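Working notes, structure below.
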Amino acid sequence: MSENQSLMLQEAGQSPEVVATLLEREKPVFAEIARLFSSARPSAVTTAARGSSDHAATFFKYLFEITCGVPVASVGPSIASVYGAALHLKGGVHFTVSQSGASPDIVALQEAAKKGGATTIAVVNVTDSPLAKQADIVLGLNAGAEKSVAATKSFIASVAALSGVTAAVGGASDLQAALDKLPEALSATAGIDTAAAEEVLFHATSLYTAGRGPAFAIALEAALKAKETSGLHAEAFSLAELMHGPMRLVQPGFPIVAFAPDDAAFANNGQALERLQKLGATTVGFSTQPLSGINLRVPTTGNGLVDPLVSLLVYYRLIESVTRRKGFDPDRPANLLKVTETV
């Protein structure tokens with residue numbers, strides 16, 4: 001790799017190999033989790049996470065609910081760490097998603113979930129961390145060291161790992177087939193021209209990111225990366241929600257970055273973007289299918305529920321380029337540390 005590349009760009013580029021490795025190595029854990037669900041048959045699943053990891057949990061929520069029909073609810077870590085509340089989760093399954101597995105608040109929430117009767121699963125990159133040591137089951141991300149403050153490969157690995165859980169629990173052969181193709185699709189994003197989108201984001205002062213279903217989770221992650229790396233104010237919305245109150249701020253030239261995969265929401269998403277364009281919005285759409293506005297076409301895994309993750313790798317490269325063009329270091333954002341330990 002070029003010495004001039006940022007760590008963020010290098011690490012994002014490692015995502016295909018990371019995903020391929022974790023999907024192979026963690027097959028026994030996926031099978032163990034599938035057996036757990038088969039025997040416990042929980043009526044609901046809970047999650048806890050912060051930052052990018054929480055966006056991965058949101059992706060899991062949509063994917064698992066669509067695939068398995070079991071509700072997934074996020075529990076705020078402060079419920080245990082600050083407010084000291086007891087959780088009543090008898091027979092439940094609780095997932096904690098973390099890169100470091102070190103933050104006291106998520107460790108405390110996992111402990112509370114276990115005391116409340118849940119089987120706890122740590123989805124974590126550091127498998128000898130406090131979180132992993134206390135969990136009933138550990139699902140490793142196999143992402144290796146990640147030095148850039150902005151998480152890239154660890155986020156993609158988190159989503160891939162949770163998607164592997166979903167495919168195993170749901171017995172979803174179509175989803176598993178898409179995951180098998182995911183490393184190849186991620187690799188195929190190299191060289192996609194983002195120049196037109198870069199020009200829009202470089203000149204922006206504020207923007208929206210948007211999507212529906214699992215793509216909404218990717219919009220959340222995209223908004224966070226814009227803030228973290230380039231200091232660009234960004235808010236994420238479901239495209240359905242954006243058509244309500246937030247639309248008031250859409251003025252001529254206002255940028256909207258949309259993740260619109262070829263899934264059940266595609267037609268509605270396309271109509272929403274056309275309406276926003278009529279209001280003057282400049283739209284940047286990531287999709288495997290044609291979209292009006294600036295259209296970044298991405299490779300497909302064959303499944304529109306997984307494809308937003310492919311789009312995200314293209315976006316990571318885009319926002320890294322915008323950040324450097326603004327004169328910032330994407331690896332060392334102002335005010336931020338790689339591991340944030342909250343209570």
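As shown in the structure tokens, the chain order sets the letters A, B, ...; within each chain, residues go from 1, and ligands are also counted from 1 in the order they appear.
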
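The protein and nucleic acid residues lying at most 8 Å from range 231-235 of chain A are A:Ala204, A:Thr205, A:Ser206, A:Leu207, A:Tyr208, A:Thr209, A:Leu220, A:Ala223, A:Leu224, A:Ala226, with only C-alpha atoms considered and sequence neighbours fewer than 5 positions away removed.
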
Within 10 Å of range 76-99 of chain A: each range 158-254 of chain A residue with its shortest pair, only C-alpha atoms, as CSV:
```
residue,atom,partner,partner_atom,distance
A:Ser158,CA,A:Val97,CA,7.4
A:Val159,CA,A:Val97,CA,9.7
A:Leu162,CA,A:Val97,CA,9.2
```

Selected residues, N, CA and C atoms, written as a short mmCIF file (atom, residue, chain, number, x, y, z; two decimals), in the first residue's frame, please.
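Result file follows (out.cif):
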```cif
data_model
loop_
_atom_site.label_atom_id
_atom_site.label_comp_id
_atom_site.auth_asym_id
_atom_site.auth_seq_id
_atom_site.Cartn_x
_atom_site.Cartn_y
_atom_site.Cartn_z
N SER A 158 -18.57 -6.22 11.86
CA SER A 158 -19.67 -6.36 12.82
C SER A 158 -20.98 -6.66 12.10
N VAL A 159 -21.23 -5.94 11.01
CA VAL A 159 -22.46 -6.17 10.25
C VAL A 159 -22.44 -7.55 9.60
N LEU A 162 -23.11 -10.20 12.32
CA LEU A 162 -24.52 -10.24 12.72
C LEU A 162 -25.42 -10.74 11.59
#
```

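The residue that comes closest to Val149 in chain A, out of A:Met8, A:Leu309, A:Ala177, A:Leu239 and on the basis of only C-alpha atoms, is A:Met8.
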
Exercise for the section: Name the residues of range 58-194 of chain A that fall into strand (DSSP E or B) according to DSSP on the backbone, using the chain letters and numbers of this document, as a PyMOL selection string. Expected result: chain A and resi 72-74+93-98+119-124+137-140

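Picture a line from CA of Phe237 in chain A to CA of Leu273 in chain A; it runs 13.0 Å.
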
Handout entry: Near-range 55-67 of chain A list (10 Å; only C-alpha atoms; drop same-chain fewer than 2 positions) as a ChimeraX atom specification
Key = /A:44-53,69-74,95-98,123,154-167,169-172,175,212-222,224,305-306,308-309

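Residue nearest Glu198 in chain A within the list A:Glu320, A:Gly293, A:Ser173, A:Asp307: A:Glu320 [criterion: smallest interatomic distance, only C-alpha atoms].
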